[in-house]
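S.K.: So I've got this file, data.csv, and it contains CSV, C-alpha atoms:
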```csv
chain,number,residue,atom,x,y,z
A,148,MET,CA,81.2,100.8,88.9
A,149,ASP,CA,82.1,104.2,87.6
A,150,LYS,CA,85.7,105.0,86.5
A,151,LYS,CA,86.4,107.2,89.6
A,152,SER,CA,85.4,104.4,91.9
A,153,LYS,CA,87.6,102.0,89.9
A,154,VAL,CA,90.5,104.3,90.4
A,155,LEU,CA,89.9,104.5,94.2
A,156,ASP,CA,89.5,100.7,94.5
A,157,ALA,CA,92.7,100.1,92.5
A,158,ALA,CA,94.6,102.7,94.5
A,159,LEU,CA,93.5,101.2,97.8
A,160,LYS,CA,94.6,97.7,96.7
A,161,LEU,CA,98.0,98.9,95.4
A,162,PHE,CA,98.8,101.4,98.2
A,163,VAL,CA,98.1,98.8,100.8
A,164,GLU,CA,100.2,96.2,99.0
A,165,PHE,CA,103.2,98.4,97.8
A,166,GLY,CA,102.9,101.6,99.8
A,167,PHE,CA,102.4,105.1,98.5
A,168,HIS,CA,105.9,105.7,97.1
A,169,ASN,CA,106.2,102.3,95.4
A,170,THR,CA,102.9,102.6,93.6
A,171,PRO,CA,103.1,104.7,90.4
A,172,THR,CA,99.9,106.1,88.9
A,173,SER,CA,100.5,104.1,85.7
A,174,LYS,CA,100.1,101.0,87.8
A,175,ILE,CA,96.9,102.3,89.4
A,176,ALA,CA,95.5,103.1,86.0
A,177,LYS,CA,96.3,99.7,84.6
A,178,GLU,CA,94.8,98.0,87.7
A,179,ALA,CA,91.6,100.1,87.2
A,180,GLY,CA,91.5,99.3,83.5
A,181,ILE,CA,91.7,102.9,82.4
A,182,SER,CA,94.2,105.2,80.8
A,183,SER,CA,96.6,107.4,82.8
A,184,GLY,CA,94.9,110.4,81.2
A,185,THR,CA,91.5,109.3,82.7
A,186,LEU,CA,93.1,108.8,86.1
A,187,PHE,CA,94.6,112.4,85.9
A,188,TYR,CA,91.2,113.7,84.8
A,189,PHE,CA,89.8,112.7,88.2
A,190,PHE,CA,92.9,113.2,90.3
A,191,PRO,CA,95.4,115.7,88.8
A,192,THR,CA,98.2,114.5,91.1
A,193,LYS,CA,99.0,111.3,93.0
A,194,ASP,CA,98.9,113.4,96.2
A,195,GLU,CA,95.3,114.4,95.4
A,196,LEU,CA,94.4,110.7,94.8
A,197,VAL,CA,95.9,109.6,98.1
A,198,VAL,CA,94.0,112.4,100.0
A,199,ALA,CA,90.8,111.7,98.2
A,200,LEU,CA,91.0,108.0,99.0
A,201,TYR,CA,91.6,108.8,102.7
A,202,LEU,CA,88.6,111.2,102.8
A,203,ASP,CA,86.4,108.7,101.0
A,204,ILE,CA,87.3,106.0,103.6
A,205,LYS,CA,86.8,108.3,106.5
A,206,GLY,CA,83.4,109.4,105.1
A,207,LYS,CA,82.3,105.8,104.8
A,208,LEU,CA,83.4,104.9,108.4
A,209,GLY,CA,81.8,108.1,109.7
A,210,CYS,CA,78.5,107.2,108.1
A,211,GLU,CA,78.7,103.7,109.6
A,212,ILE,CA,79.3,105.1,113.1
A,213,THR,CA,76.6,107.8,112.8
A,214,GLU,CA,74.0,105.2,111.8
A,215,SER,CA,75.0,102.9,114.6
A,216,ILE,CA,74.9,105.4,117.4
A,217,SER,CA,71.6,107.0,116.4
A,218,GLN,CA,69.5,104.7,118.5
A,219,GLU,CA,71.6,105.0,121.7
A,220,THR,CA,70.6,107.3,124.5
A,221,SER,CA,73.2,107.2,127.3
A,222,PHE,CA,76.7,108.6,126.7
A,223,LYS,CA,78.3,105.3,127.7
A,224,GLU,CA,76.2,103.4,125.2
A,225,ILE,CA,77.0,105.9,122.5
A,226,LEU,CA,80.7,105.6,123.2
A,227,LYS,CA,80.5,101.8,123.3
A,228,LYS,CA,78.7,101.7,120.0
A,229,TYR,CA,81.4,104.0,118.5
A,230,TYR,CA,84.1,101.7,119.8
A,231,THR,CA,82.5,98.4,118.7
A,232,THR,CA,81.3,99.8,115.3
A,233,THR,CA,84.8,101.1,114.5
A,234,LEU,CA,86.3,97.7,115.4
A,235,ASP,CA,83.7,95.7,113.5
A,236,TRP,CA,84.1,98.0,110.5
A,237,ALA,CA,87.9,97.5,110.6
A,238,LYS,CA,87.4,93.8,110.6
A,239,GLU,CA,85.2,93.9,107.5
A,240,HIS,CA,87.4,96.5,105.8
A,241,ILE,CA,90.9,95.4,106.5
A,242,ALA,CA,92.5,97.1,103.4
A,243,GLU,CA,90.8,100.4,104.2
A,244,PHE,CA,92.0,100.2,107.8
A,245,LYS,CA,95.5,99.4,106.7
A,246,PHE,CA,95.4,102.3,104.3
A,247,MET,CA,94.2,104.7,107.1
A,248,GLU,CA,97.1,103.5,109.3
A,249,GLN,CA,99.6,104.2,106.5
A,250,PHE,CA,98.1,107.6,105.8
A,251,ASN,CA,97.9,108.6,109.5
A,252,SER,CA,101.7,108.1,109.9
A,253,SER,CA,102.6,109.7,106.6
A,254,PRO,CA,103.3,113.3,105.5
A,255,TYR,CA,100.0,113.2,103.6
A,256,LEU,CA,98.1,113.8,106.7
A,257,LYS,CA,99.4,117.4,106.7
A,258,LYS,CA,97.9,117.9,103.2
A,259,ILE,CA,94.4,117.8,104.6
A,260,ALA,CA,92.9,121.1,105.7
A,261,GLU,CA,92.2,121.3,109.4
A,262,ASP,CA,88.5,122.0,108.8
A,263,GLU,CA,88.3,118.8,106.6
A,264,ILE,CA,89.7,116.7,109.5
A,265,GLN,CA,87.4,118.4,112.0
A,266,LYS,CA,84.4,117.4,109.9
A,267,TYR,CA,85.0,113.8,110.8
A,268,VAL,CA,86.1,114.2,114.4
A,269,LYS,CA,83.8,117.0,115.5
A,270,PRO,CA,80.7,114.9,116.3
A,271,LEU,CA,82.7,112.7,118.7
A,272,LYS,CA,84.5,115.6,120.2
A,273,GLU,CA,81.2,117.4,120.8
A,274,LEU,CA,79.8,114.3,122.5
A,275,LEU,CA,82.9,114.0,124.7
A,276,GLN,CA,82.8,117.7,125.6
A,277,ASN,CA,79.1,117.4,126.6
A,278,ALA,CA,79.9,114.3,128.7
A,279,ILE,CA,82.7,116.3,130.5
A,280,ASP,CA,80.4,119.2,131.0
A,281,GLU,CA,77.7,116.9,132.5
A,282,GLY,CA,80.2,115.3,134.8
A,283,VAL,CA,80.0,111.9,133.1
A,284,LEU,CA,83.6,112.0,132.1
A,285,LYS,CA,86.6,113.2,134.0
A,286,ASN,CA,87.4,116.9,133.5
A,287,MET,CA,90.4,116.6,131.2
A,288,ASP,CA,91.7,118.2,128.0
A,289,LEU,CA,89.4,117.3,125.1
A,290,GLU,CA,92.3,116.6,122.7
A,291,ILE,CA,94.0,114.3,125.1
A,292,LEU,CA,90.8,112.5,125.8
A,293,PHE,CA,90.0,112.1,122.1
A,294,THR,CA,93.6,110.9,121.4
A,295,LEU,CA,93.3,108.4,124.2
A,296,ILE,CA,90.1,106.9,122.9
A,297,SER,CA,91.2,106.9,119.3
A,298,GLY,CA,94.6,105.5,120.1
A,299,HIS,CA,93.2,102.8,122.2
A,300,THR,CA,90.7,101.8,119.5
A,301,PHE,CA,93.4,101.6,116.8
A,302,SER,CA,95.7,99.6,119.1
A,303,ILE,CA,93.0,97.1,120.0
A,304,ASN,CA,92.2,96.7,116.4
A,305,GLN,CA,95.9,95.9,115.7
A,306,TYR,CA,95.9,93.3,118.4
A,307,LEU,CA,92.7,91.7,117.0
A,308,ILE,CA,94.2,91.6,113.5
A,309,ILE,CA,97.4,90.0,114.8
A,310,SER,CA,95.9,87.5,117.3
A,311,GLU,CA,92.9,86.5,115.1
A,312,PRO,CA,90.8,85.3,118.0
A,313,GLN,CA,87.6,83.3,117.6
A,314,GLU,CA,84.5,85.4,117.4
A,315,SER,CA,83.4,84.8,120.9
A,316,LYS,CA,86.9,85.6,122.3
A,317,ARG,CA,87.0,88.7,120.0
A,318,GLU,CA,83.7,90.0,121.4
A,319,GLN,CA,85.0,89.4,125.0
A,320,ILE,CA,88.2,91.3,124.2
A,321,ILE,CA,86.2,94.2,122.8
A,322,SER,CA,83.8,94.3,125.8
A,323,GLU,CA,86.6,94.1,128.4
A,324,THR,CA,88.8,96.7,126.7
A,325,PHE,CA,85.9,99.1,126.4
A,326,ASP,CA,85.2,98.6,130.1
A,327,LEU,CA,88.8,99.4,130.9
A,328,VAL,CA,88.7,102.6,128.8
A,329,TRP,CA,85.4,103.6,130.5
A,330,GLN,CA,86.8,103.1,133.9
A,331,MET,CA,89.8,105.2,133.0
A,332,ILE,CA,87.8,108.2,131.6
A,333,SER,CA,84.5,108.2,133.5
A,334,THR,CA,83.9,109.9,136.8
```
In structure tokens, how does this file's structure come out?
M.R.:
Amino acid sequence: MDKKSKVLDAALKLFVEFGFHNTPTSKIAKEAGISSGTLFYFFPTKDELVVALYLDIKGKLGCEITESISQETSFKEILKKYYTTTLDWAKEHIAEFKFMEQFNSSPYLKKIAEDEIQKYVKPLKELLQNAIDEGVLKNMDLEILFTLISGHTFSINQYLIISEPQESKREQIISETFDLVWQMIST
């Protein structure tokens, strides 16, 4: 593993465990097995490290979703695959998901340029807009629709983390909650 990846891995572990403000860069460097100077070579400030880690995680999740939906044809199946892939990814990447939750409710979110954020949400928003235009989804504000789906997905993931259901029950919960969302947004 290269040094930059070691820094990102160490930062993820420590940010999730101690939070952003209680994790000094010296601790991250020590956990990564590198000098503080090397850490600052890759990430000149702690803020840049936090943002870079977020973008790295978002990129990995985005790739996973893109790969999973490439075989689907109907909008409903694409959206269901987006939903299930996100929840499955979160189950397999608990630390990353916890980091994203921390980040999304922190001032760091405002440090990301709007075009950088849109890079990750644009594909889904385009699919949603096309489905609205084709009459598959209710004619509603795109931002509200996106927020509704994203918020629901994150909340169900929280429930799954807390309740720790058996796999068969987990799959049932995911299927039933997707159906509820679909009923709410489809025409």
S.K.: Please write as a list in words the list of polymer residues whose atoms come within 12 Å of (73.3, 101.5, 116.6), counting only C-alpha atoms and keeping to the coordinates of the file.
M.R.: Cys210, Glu211, Ile212, Thr213, Glu214, Ser215, Ile216, Ser217, Gln218, Glu219, Thr220, Glu224, Ile225, Leu226, Lys227, Lys228, Tyr229, Tyr230, Thr231, Thr232 and Thr233 of chain A
S.K.: Using only C-alpha atoms, which protein or nucleic acid residues come within 9 Å of region 271-275 of chain A? Drop anything in the same chain fewer than 4 positions from it, and give the result as a list of chain:residue names.
M.R.: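 These residues fall inside the cut-off: A:Phe222, A:Ile225, A:Leu226, A:Tyr229, A:Tyr267, A:Ile279, A:Asp280, A:Leu284, A:Leu289, A:Glu290, A:Leu292, A:Phe293.
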S.K.: Would you work out the distance separating CA of Glu263 (chain A) from CA of Asp203 (chain A), expressed in Å to one decimal?
M.R.: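 According to the coordinates, CA of Glu263 (chain A) and CA of Asp203 (chain A) are separated by 11.7 Å.
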S.K.: Pick the closest to Met148 (chain A) from A:Val198, A:Ile320, A:Ala179, A:Ile204: which is it, counting only C-alpha atoms?
M.R.: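 Between A:Val198, A:Ile320, A:Ala179, A:Ile204, the residue approaching Met148 (chain A) most closely is A:Ala179.
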S.K.: Tell me, in Å to one decimal, how far CA of Lys285 (chain A) is from CA of Thr334 (chain A).
M.R.: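 CA of Thr334 (chain A) lies 5.1 Å from CA of Lys285 (chain A).
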S.K.: As a count of residues only, please: the residues near Thr185 (chain A) (cut-off 12 Å, only C-alpha atoms, same-chain neighbours under 4 positions excluded).
M.R.: 17
S.K.: Between CA of Gln319 (chain A) and CA of Leu307 (chain A), what is the distance, to one decimal in Å?
M.R.: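 For CA of Gln319 (chain A) relative to CA of Leu307 (chain A), the distance reads 11.3 Å.
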S.K.: Counting only C-alpha atoms, find the residues whose atoms lie at most 12 Å from (102.4, 105.9, 88.3) (file coordinates) and write them out as a list in words.
M.R.: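 Checking each residue against the 12 Å limit leaves Ala158, Leu161, Phe162, Phe167, His168, Asn169, Thr170, Pro171, Thr172, Ser173, Lys174, Ile175, Ala176, Lys177, Glu178, Ser182, Ser183, Gly184, Leu186, Phe187, Thr192, Lys193, Asp194 and Leu196 of chain A.
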S.K.: Check the smallest atom-to-atom distance from each of A:Ala199, A:Asn277, A:Val268, A:Ile332 to Ser152 (chain A) using only C-alpha atoms, then report the winner.
M.R.: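 Of A:Ala199, A:Asn277, A:Val268, A:Ile332, the one nearest Ser152 (chain A) is A:Ala199, counting only C-alpha atoms.
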S.K.: Under the rule that only C-alpha atoms are counted, which of A:Asp235, A:Val197, A:Lys257, A:Ser221 is the nearest residue to Arg317 (chain A)?
M.R.: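 With only C-alpha atoms as the atom set, the closest residue is A:Asp235.
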S.K.: Under the rule that all atoms listed in the file are counted, which of A:Leu202, A:Lys160, A:Met247, A:Leu295 is the nearest residue to Ala260 (chain A)?
M.R.: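 Going through A:Leu202, A:Lys160, A:Met247, A:Leu295 one by one, the smallest distance to Ala260 (chain A) is for A:Leu202.
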S.K.: Measuring atom to atom with only C-alpha atoms, identify which of A:Phe246, A:Pro270, A:Thr324, A:Gln330 is nearest to Leu200 (chain A).
M.R.: A:Phe246
